[in-house]
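Asker: Sharing entry_3.txt, compact mmCIF, C-alpha atoms:
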# COMPACT_ATOMS: atom_id res chain seq x y z
CA MET A 28 -5.31 -43.80 55.44
CA ALA A 29 -8.07 -42.95 52.94
CA GLN A 30 -11.55 -44.15 53.87
CA PRO A 31 -13.51 -46.16 51.25
CA PRO A 32 -16.51 -44.29 49.82
CA SER A 33 -19.72 -44.82 51.74
CA GLN A 34 -22.90 -46.16 50.23
CA THR A 35 -24.33 -42.65 50.38
CA ASP A 36 -21.43 -41.25 48.35
CA ILE A 37 -21.79 -43.98 45.76
CA PHE A 38 -25.54 -43.35 45.53
CA LEU A 39 -25.11 -39.58 45.12
CA ARG A 40 -22.44 -40.13 42.46
CA GLU A 41 -24.75 -42.44 40.48
CA VAL A 42 -27.61 -39.93 40.79
CA ASP A 43 -25.32 -37.13 39.57
CA GLU A 44 -24.11 -39.20 36.61
CA ASN A 45 -27.66 -40.16 35.66
CA LEU A 46 -28.74 -36.52 35.92
CA ARG A 47 -25.92 -35.40 33.67
CA ARG A 48 -26.74 -38.13 31.17
CA ASP A 49 -30.42 -37.13 31.14
CA GLN A 50 -29.49 -33.48 30.65
CA MET A 51 -27.21 -34.32 27.72
CA GLU A 52 -29.90 -36.48 26.10
CA HIS A 53 -32.46 -33.71 26.57
CA PHE A 54 -30.06 -31.14 25.11
CA ALA A 55 -29.28 -33.39 22.15
CA LYS A 56 -32.97 -33.97 21.43
CA LYS A 57 -33.80 -30.28 21.72
CA TYR A 58 -30.81 -28.70 19.97
CA GLY A 59 -29.13 -31.55 18.09
CA LYS A 60 -30.68 -30.72 14.72
CA TRP A 61 -29.74 -27.05 15.07
CA LEU A 62 -26.17 -27.94 15.97
CA ILE A 63 -25.87 -30.23 12.97
CA ALA A 64 -27.33 -27.52 10.73
CA ALA A 65 -24.88 -24.97 12.15
CA VAL A 66 -21.93 -27.27 11.51
CA VAL A 67 -23.10 -27.91 7.94
CA LEU A 68 -23.54 -24.19 7.31
CA PHE A 69 -20.09 -23.50 8.73
CA LEU A 70 -18.52 -26.11 6.45
CA ILE A 71 -20.37 -24.70 3.44
CA ALA A 72 -19.28 -21.15 4.31
CA ALA A 73 -15.68 -22.21 4.85
CA GLY A 74 -15.63 -24.09 1.58
CA GLY A 75 -17.17 -21.15 -0.23
CA PHE A 76 -14.62 -18.76 1.26
CA ILE A 77 -11.73 -20.97 0.18
CA TYR A 78 -13.19 -21.27 -3.32
CA TRP A 79 -13.69 -17.49 -3.50
CA GLN A 80 -10.11 -16.85 -2.41
CA GLN A 81 -8.80 -19.26 -5.04
CA TYR A 82 -11.04 -17.66 -7.68
CA ARG A 83 -9.79 -14.18 -6.80
CA GLN A 84 -6.20 -15.43 -6.94
CA ARG A 85 -6.75 -16.87 -10.42
CA GLN A 86 -8.42 -13.66 -11.56
CA ALA A 87 -5.55 -11.56 -10.19
CA GLU A 88 -3.02 -13.72 -12.01
CA LYS A 89 -4.91 -13.28 -15.28
CA GLN A 90 -5.05 -9.52 -14.73
CA VAL A 91 -1.31 -9.37 -14.13
CA GLU A 92 -0.72 -11.27 -17.37
CA GLN A 93 -2.98 -8.84 -19.22
CA LEU A 94 -1.14 -5.87 -17.73
CA VAL A 95 2.23 -7.28 -18.77
CA GLU A 96 0.95 -7.81 -22.31
CA ILE A 97 -0.35 -4.24 -22.48
CA ASP A 98 2.90 -2.80 -21.12
CA LYS A 99 4.89 -4.75 -23.73
CA ALA A 100 2.64 -3.45 -26.47
CA LEU A 101 2.96 0.11 -25.21
CA GLY A 102 6.71 -0.34 -25.08
CA THR A 103 6.74 -1.02 -28.80
CA GLY A 104 4.84 2.18 -29.50
CA SER A 105 1.32 0.75 -29.71
CA ILE A 106 -0.31 3.57 -27.73
CA ASP A 107 -3.76 2.44 -28.88
CA GLN A 108 -3.35 -0.51 -26.50
CA ALA A 109 -3.87 1.93 -23.62
CA LYS A 110 -7.64 1.55 -24.00
CA ARG A 111 -7.29 -1.98 -22.63
CA LEU A 112 -6.15 -0.50 -19.33
CA GLY A 113 -9.63 0.79 -18.53
CA PRO A 114 -11.18 -2.42 -17.14
CA LEU A 115 -8.03 -3.20 -15.13
CA ALA A 116 -7.89 0.32 -13.71
CA GLU A 117 -11.53 0.15 -12.62
CA ASN A 118 -12.11 -3.47 -11.61
CA GLY A 119 -8.70 -5.07 -11.19
CA ALA A 120 -7.19 -6.34 -7.97
CA LYS A 121 -5.80 -3.59 -5.75
CA ALA A 122 -2.20 -3.72 -6.93
CA VAL A 123 -3.24 -4.34 -10.54
CA ARG A 124 -5.64 -1.41 -10.42
CA ALA A 125 -2.91 0.87 -9.09
CA ALA A 126 -0.36 -0.30 -11.68
CA ALA A 127 -2.89 0.19 -14.48
CA LYS A 128 -3.59 3.75 -13.37
CA PHE A 129 0.13 4.50 -13.20
CA THR A 130 0.41 3.24 -16.77
CA GLN A 131 -2.54 5.39 -17.82
CA ALA A 132 -0.80 8.40 -16.31
CA ALA A 133 2.42 7.55 -18.17
CA VAL A 134 0.49 7.27 -21.44
CA ALA A 135 -1.12 10.65 -20.77
CA LEU A 136 2.33 12.20 -20.29
CA GLU A 137 3.48 10.54 -23.48
CA LYS A 138 0.65 12.42 -25.19
CA ASP A 139 1.67 15.68 -23.47
CA ASP A 140 -1.50 15.53 -21.38
CA ALA A 141 -0.05 16.66 -18.04
CA GLN A 142 -3.51 17.51 -16.73
CA GLY A 143 -4.81 14.02 -17.43
CA ALA A 144 -1.74 12.43 -15.84
CA THR A 145 -2.09 14.63 -12.77
CA ALA A 146 -5.72 13.61 -12.41
CA LYS A 147 -4.73 9.92 -12.45
CA TYR A 148 -2.02 10.47 -9.86
CA ARG A 149 -4.40 12.45 -7.66
CA GLU A 150 -7.00 9.70 -7.94
CA LEU A 151 -4.44 7.12 -6.87
CA ALA A 152 -3.04 9.21 -4.04
CA ASN A 153 -6.53 9.55 -2.55
CA ASP A 154 -7.57 5.92 -3.05
CA GLY A 155 -7.33 4.32 0.38
CA SER A 156 -8.08 0.88 -1.05
CA VAL A 157 -4.74 0.52 -2.88
CA PRO A 158 -1.45 -0.33 -1.13
CA GLU A 159 0.27 2.61 0.57
CA PRO A 160 3.47 2.52 -1.55
CA TYR A 161 1.38 3.20 -4.67
CA ARG A 162 -0.41 6.09 -2.94
CA ASN A 163 2.87 7.64 -1.80
CA ALA A 164 4.48 7.34 -5.22
CA ALA A 165 1.38 8.86 -6.82
CA LEU A 166 1.40 11.75 -4.34
CA ILE A 167 5.01 12.59 -5.22
CA ARG A 168 4.32 12.41 -8.96
CA GLN A 169 1.18 14.53 -8.55
CA THR A 170 3.06 17.16 -6.55
CA SER A 171 5.91 17.19 -9.05
CA LEU A 172 3.52 17.88 -11.93
CA GLU A 173 1.58 20.51 -9.98
CA PHE A 174 4.62 22.12 -8.36
CA ASP A 175 4.60 25.28 -10.46
CA SER A 176 0.86 25.83 -10.07
CA ILE A 177 0.43 25.33 -6.30
CA LYS A 178 1.64 27.39 -3.37
CA PRO A 179 4.94 26.29 -1.79
CA GLU A 180 3.29 25.72 1.59
CA GLU A 181 0.78 23.36 -0.01
CA ALA A 182 3.58 21.23 -1.44
CA ILE A 183 5.41 21.25 1.91
CA ASN A 184 2.33 20.26 3.90
CA ARG A 185 1.37 17.60 1.38
CA LEU A 186 4.77 15.92 1.47
CA GLN A 187 5.56 16.42 5.15
CA PRO A 188 4.84 12.79 6.18
CA LEU A 189 7.20 11.51 3.48
CA ALA A 190 9.97 14.11 3.75
CA LYS A 191 11.44 12.63 6.90
CA PRO A 192 14.79 10.80 7.12
CA GLY A 193 14.22 7.07 7.25
CA ASN A 194 11.08 7.18 5.13
CA PRO A 195 11.45 5.15 1.90
CA TRP A 196 10.29 8.20 -0.08
CA PHE A 197 12.47 10.70 1.77
CA GLY A 198 14.78 11.55 -1.14
CA SER A 199 12.11 12.48 -3.68
CA ALA A 200 9.76 14.10 -1.17
CA ALA A 201 12.54 16.07 0.51
CA GLU A 202 13.88 17.34 -2.83
CA LEU A 203 10.47 18.79 -3.70
CA THR A 204 10.14 20.17 -0.18
CA ALA A 205 13.54 21.87 -0.41
CA ALA A 206 12.53 23.43 -3.73
CA ALA A 207 9.34 24.71 -2.11
CA LEU A 208 11.34 26.18 0.78
CA PHE A 209 13.57 27.92 -1.75
CA LYS A 210 10.48 29.41 -3.44
CA GLN A 211 9.46 30.75 -0.03
CA GLY A 212 12.81 32.48 0.27
CA LYS A 213 14.00 30.12 3.01
CA LYS A 214 17.34 29.43 1.37
CA ALA A 215 19.15 28.34 4.53
CA GLU A 216 16.49 25.74 5.35
CA ALA A 217 16.46 24.55 1.75
CA GLY A 218 20.26 24.19 1.76
CA GLN A 219 20.22 22.17 4.97
CA LEU A 220 17.54 19.86 3.60
CA TYR A 221 19.49 19.35 0.38
CA ALA A 222 22.53 18.51 2.52
CA THR A 223 20.49 15.95 4.46
CA ILE A 224 19.45 14.32 1.20
CA ALA A 225 23.08 14.22 0.03
CA LYS A 226 24.06 12.43 3.25
CA ASP A 227 21.23 9.89 2.98
CA LYS A 228 22.86 6.60 1.93
CA GLY A 229 19.45 5.18 1.07
CA ALA A 230 18.85 7.76 -1.67
CA PRO A 231 19.91 7.09 -5.28
CA PRO A 232 23.46 8.31 -6.03
CA THR A 233 22.27 10.68 -8.76
CA LEU A 234 19.79 12.29 -6.38
CA ARG A 235 22.47 12.63 -3.68
CA ALA A 236 24.88 14.22 -6.14
CA ARG A 237 22.25 16.69 -7.36
CA ALA A 238 21.29 17.55 -3.77
CA ALA A 239 24.96 18.10 -2.87
CA GLN A 240 25.38 20.55 -5.75
CA LEU A 241 22.25 22.46 -4.80
CA ALA A 242 23.28 22.53 -1.14
CA SER A 243 26.69 23.84 -2.14
CA SER A 244 25.11 26.57 -4.25
CA LEU A 245 23.22 27.63 -1.11
CA GLY A 246 26.37 27.72 1.01
CA VAL A 247 26.25 24.22 2.54
CA GLU A 248 29.20 21.99 1.60
CA VAL A 249 28.54 18.23 1.72
CA GLY A 250 30.79 16.82 -1.01
CA ALA A 251 33.03 15.00 1.46
CA VAL A 252 30.23 12.70 2.60
CA LEU A 253 29.38 11.47 -0.91
CA PRO A 254 30.75 8.21 -2.35
CA ALA A 255 33.20 8.66 -5.20
CA ALA A 256 30.69 7.37 -7.75
CA ALA A 257 28.22 10.08 -6.84
CA GLN A 258 30.64 13.02 -6.81
How does the structure come out when it is put into structure tokens?

Answerer:
Amino acid sequence: MAQPPSQTDIFLREVDENLRRDQMEHFAKKYGKWLIAAVVLFLIAAGGFIYWQQYRQRQAEKQVEQLVEIDKALGTGSIDQAKRLGPLAENGAKAVRAAAKFTQAAVALEKDDAQGATAKYRELANDGSVPEPYRNAALIRQTSLEFDSIKPEEAINRLQPLAKPGNPWFGSAAELTAAALFKQGKKAEAGQLYATIAKDKGAPPTLRARAAQLASSLGVEVGAVLPAAAQ
């Protein structure tokens, strides 16, 4: 059977409670103002962050609208509208900036300025601040434009991370890689890579069909694995 607490236990408990209360009061007097200030600063910072996020979201939406307007104008032949891409390409949100630079490159190609387009693609491919899909697409476009002026091994090394089955960019990167292997005189390796592209169900049908024809020309038959629409 439990024994009732003794007078000594009750006394010690009261002393302990009083001590804790005194410590809390002392702490509140000494640090209370600083704690209140810290809470206020936190609330201000949190509110400012939320406002900044909302502001950036609104700015990004406006930039997207501007980009759509410019693209529509360019689509009607108003090439002079390309000058409006400058601010978006330099100061837009990440995805907007990337899309604007892609459009600038397309305009440069429209003007037969392959060098200017290549420079834009190179700039994008090396810009770690933009989303990876844009960088990968730019790298493929850059390599495609530079293919005849660079060494085959440079193209192969550049595209190696993308020219792997399962990678979203495998088809395009592998096709350029196979062409580079062919330039090196490695026809058997090129044919096998073309065959792999032809068998890749994730690649566009036109790309698979073209790869199958090239593989066949190099002695690798893959026509049986292609869907009827692609043959």

Asker: Give me the residues near region 201-205 of chain A as number ranges by chain, where near means some atom within 12 Å (using all atoms listed in the file) and where sequence neighbours in that chain fewer than 3 positions away do not count.

Answerer: A: 166-175, 178-198, 208-225, 227, 230, 234-239, 241-242, 245

Asker: Pick from A:Lys138, A:Ala144, A:Pro160, A:Ser244: nearest to Lys121 (chain A), with all atoms listed in the file counted?

Answerer: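 Of A:Lys138, A:Ala144, A:Pro160, A:Ser244, the one nearest Lys121 (chain A) is A:Pro160, counting all atoms listed in the file.
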
Asker: To one decimal in Å, tell me the separation between CA of Tyr161 (chain A) and CA of Val134 (chain A).

Answerer: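 Interatomic distance here is 17.3 Å.
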
Asker: In Å, with one decimal, what is the gap from CA of Asp154 (chain A) to CA of Arg124 (chain A)?

Answerer: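 Straight-line distance from CA of Asp154 (chain A) to CA of Arg124 (chain A) works out to 10.6 Å.
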
Asker: Please compute the CA of Leu136 (chain A)-CA of Ser176 (chain A) distance, one decimal, in Å.

Answerer: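 Straight-line distance from CA of Leu136 (chain A) to CA of Ser176 (chain A) works out to 17.1 Å.
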
Asker: Tell me which of A:Ser156, A:Thr233, A:Gln240, A:Gln142 sits closest to Val123 (chain A), counting all atoms listed in the file.

Answerer: A:Ser156

Asker: Given the choices A:Ala146, A:Ile177, A:Ala127, A:Ala206, which gets closest to Lys110 (chain A) if the distance is worked out from only C-alpha atoms?

Answerer: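 For Lys110 (chain A), the nearest of the given residues is A:Ala127.
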
Asker: Fix up region 128-159 of chain A with N, CA and C atoms, then write it as a PDB file, keeping the file's coordinate frame.

Answerer:
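File produced: selection.pdb:
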ATOM      1  N   LYS A 128      -3.417   2.295 -13.403  1.00  0.00           N
ATOM      2  CA  LYS A 128      -3.590   3.750 -13.370  1.00  0.00           C
ATOM      3  C   LYS A 128      -2.264   4.470 -13.534  1.00  0.00           C
ATOM      4  N   PHE A 129      -1.198   3.917 -12.978  1.00  0.00           N
ATOM      5  CA  PHE A 129       0.130   4.500 -13.200  1.00  0.00           C
ATOM      6  C   PHE A 129       0.473   4.463 -14.686  1.00  0.00           C
ATOM      7  N   THR A 130       0.136   3.357 -15.329  1.00  0.00           N
ATOM      8  CA  THR A 130       0.410   3.240 -16.770  1.00  0.00           C
ATOM      9  C   THR A 130      -0.431   4.228 -17.552  1.00  0.00           C
ATOM     10  N   GLN A 131      -1.688   4.405 -17.152  1.00  0.00           N
ATOM     11  CA  GLN A 131      -2.540   5.390 -17.820  1.00  0.00           C
ATOM     12  C   GLN A 131      -1.941   6.786 -17.694  1.00  0.00           C
ATOM     13  N   ALA A 132      -1.419   7.093 -16.520  1.00  0.00           N
ATOM     14  CA  ALA A 132      -0.800   8.400 -16.310  1.00  0.00           C
ATOM     15  C   ALA A 132       0.429   8.562 -17.210  1.00  0.00           C
ATOM     16  N   ALA A 133       1.224   7.499 -17.319  1.00  0.00           N
ATOM     17  CA  ALA A 133       2.420   7.550 -18.170  1.00  0.00           C
ATOM     18  C   ALA A 133       2.036   7.755 -19.632  1.00  0.00           C
ATOM     19  N   VAL A 134       0.955   7.096 -20.060  1.00  0.00           N
ATOM     20  CA  VAL A 134       0.490   7.270 -21.440  1.00  0.00           C
ATOM     21  C   VAL A 134       0.023   8.701 -21.659  1.00  0.00           C
ATOM     22  N   ALA A 135      -0.660   9.260 -20.660  1.00  0.00           N
ATOM     23  CA  ALA A 135      -1.120  10.650 -20.770  1.00  0.00           C
ATOM     24  C   ALA A 135       0.071  11.598 -20.916  1.00  0.00           C
ATOM     25  N   LEU A 136       1.129  11.372 -20.170  1.00  0.00           N
ATOM     26  CA  LEU A 136       2.330  12.200 -20.290  1.00  0.00           C
ATOM     27  C   LEU A 136       2.977  12.033 -21.654  1.00  0.00           C
ATOM     28  N   GLU A 137       2.927  10.801 -22.153  1.00  0.00           N
ATOM     29  CA  GLU A 137       3.480  10.540 -23.480  1.00  0.00           C
ATOM     30  C   GLU A 137       2.740  11.362 -24.541  1.00  0.00           C
ATOM     31  N   LYS A 138       1.474  11.632 -24.273  1.00  0.00           N
ATOM     32  CA  LYS A 138       0.650  12.420 -25.190  1.00  0.00           C
ATOM     33  C   LYS A 138       0.657  13.907 -24.822  1.00  0.00           C
ATOM     34  N   ASP A 139       1.566  14.290 -23.929  1.00  0.00           N
ATOM     35  CA  ASP A 139       1.670  15.680 -23.470  1.00  0.00           C
ATOM     36  C   ASP A 139       0.399  16.145 -22.756  1.00  0.00           C
ATOM     37  N   ASP A 140      -0.285  15.206 -22.135  1.00  0.00           N
ATOM     38  CA  ASP A 140      -1.500  15.530 -21.380  1.00  0.00           C
ATOM     39  C   ASP A 140      -1.163  15.526 -19.880  1.00  0.00           C
ATOM     40  N   ALA A 141      -0.471  16.581 -19.447  1.00  0.00           N
ATOM     41  CA  ALA A 141      -0.050  16.660 -18.040  1.00  0.00           C
ATOM     42  C   ALA A 141      -1.261  16.733 -17.113  1.00  0.00           C
ATOM     43  N   GLN A 142      -2.312  17.388 -17.554  1.00  0.00           N
ATOM     44  CA  GLN A 142      -3.510  17.510 -16.730  1.00  0.00           C
ATOM     45  C   GLN A 142      -4.161  16.147 -16.504  1.00  0.00           C
ATOM     46  N   GLY A 143      -4.237  15.352 -17.572  1.00  0.00           N
ATOM     47  CA  GLY A 143      -4.810  14.020 -17.430  1.00  0.00           C
ATOM     48  C   GLY A 143      -3.964  13.124 -16.548  1.00  0.00           C
ATOM     49  N   ALA A 144      -2.645  13.223 -16.683  1.00  0.00           N
ATOM     50  CA  ALA A 144      -1.740  12.430 -15.840  1.00  0.00           C
ATOM     51  C   ALA A 144      -1.875  12.832 -14.390  1.00  0.00           C
ATOM     52  N   THR A 145      -1.945  14.137 -14.144  1.00  0.00           N
ATOM     53  CA  THR A 145      -2.090  14.630 -12.770  1.00  0.00           C
ATOM     54  C   THR A 145      -3.373  14.111 -12.137  1.00  0.00           C
ATOM     55  N   ALA A 146      -4.436  14.105 -12.922  1.00  0.00           N
ATOM     56  CA  ALA A 146      -5.720  13.610 -12.410  1.00  0.00           C
ATOM     57  C   ALA A 146      -5.619  12.150 -11.995  1.00  0.00           C
ATOM     58  N   LYS A 147      -4.898  11.338 -12.790  1.00  0.00           N
ATOM     59  CA  LYS A 147      -4.730   9.920 -12.450  1.00  0.00           C
ATOM     60  C   LYS A 147      -3.919   9.762 -11.174  1.00  0.00           C
ATOM     61  N   TYR A 148      -2.843  10.553 -11.063  1.00  0.00           N
ATOM     62  CA  TYR A 148      -2.020  10.470  -9.860  1.00  0.00           C
ATOM     63  C   TYR A 148      -2.808  10.920  -8.626  1.00  0.00           C
ATOM     64  N   ARG A 149      -3.593  11.957  -8.783  1.00  0.00           N
ATOM     65  CA  ARG A 149      -4.400  12.450  -7.660  1.00  0.00           C
ATOM     66  C   ARG A 149      -5.417  11.385  -7.235  1.00  0.00           C
ATOM     67  N   GLU A 150      -6.024  10.761  -8.215  1.00  0.00           N
ATOM     68  CA  GLU A 150      -7.000   9.700  -7.940  1.00  0.00           C
ATOM     69  C   GLU A 150      -6.357   8.564  -7.156  1.00  0.00           C
ATOM     70  N   LEU A 151      -5.157   8.187  -7.565  1.00  0.00           N
ATOM     71  CA  LEU A 151      -4.440   7.120  -6.870  1.00  0.00           C
ATOM     72  C   LEU A 151      -4.030   7.523  -5.469  1.00  0.00           C
ATOM     73  N   ALA A 152      -3.522   8.748  -5.337  1.00  0.00           N
ATOM     74  CA  ALA A 152      -3.040   9.210  -4.040  1.00  0.00           C
ATOM     75  C   ALA A 152      -4.158   9.251  -3.005  1.00  0.00           C
ATOM     76  N   ASN A 153      -5.388   9.453  -3.460  1.00  0.00           N
ATOM     77  CA  ASN A 153      -6.530   9.550  -2.550  1.00  0.00           C
ATOM     78  C   ASN A 153      -7.326   8.258  -2.416  1.00  0.00           C
ATOM     79  N   ASP A 154      -6.847   7.209  -3.069  1.00  0.00           N
ATOM     80  CA  ASP A 154      -7.570   5.920  -3.050  1.00  0.00           C
ATOM     81  C   ASP A 154      -7.043   5.068  -1.890  1.00  0.00           C
ATOM     82  N   GLY A 155      -7.762   5.066  -0.804  1.00  0.00           N
ATOM     83  CA  GLY A 155      -7.330   4.320   0.380  1.00  0.00           C
ATOM     84  C   GLY A 155      -7.388   2.817   0.225  1.00  0.00           C
ATOM     85  N   SER A 156      -7.955   2.325  -0.878  1.00  0.00           N
ATOM     86  CA  SER A 156      -8.080   0.880  -1.050  1.00  0.00           C
ATOM     87  C   SER A 156      -6.831   0.254  -1.675  1.00  0.00           C
ATOM     88  N   VAL A 157      -5.949   1.070  -2.248  1.00  0.00           N
ATOM     89  CA  VAL A 157      -4.740   0.520  -2.880  1.00  0.00           C
ATOM     90  C   VAL A 157      -3.591   0.556  -1.885  1.00  0.00           C
ATOM     91  N   PRO A 158      -2.578  -0.285  -2.071  1.00  0.00           N
ATOM     92  CA  PRO A 158      -1.450  -0.330  -1.130  1.00  0.00           C
ATOM     93  C   PRO A 158      -0.775   1.032  -0.973  1.00  0.00           C
ATOM     94  N   GLU A 159      -0.310   1.306   0.239  1.00  0.00           N
ATOM     95  CA  GLU A 159       0.270   2.610   0.570  1.00  0.00           C
ATOM     96  C   GLU A 159       1.441   3.012  -0.327  1.00  0.00           C
TER      97      GLU A 159
END
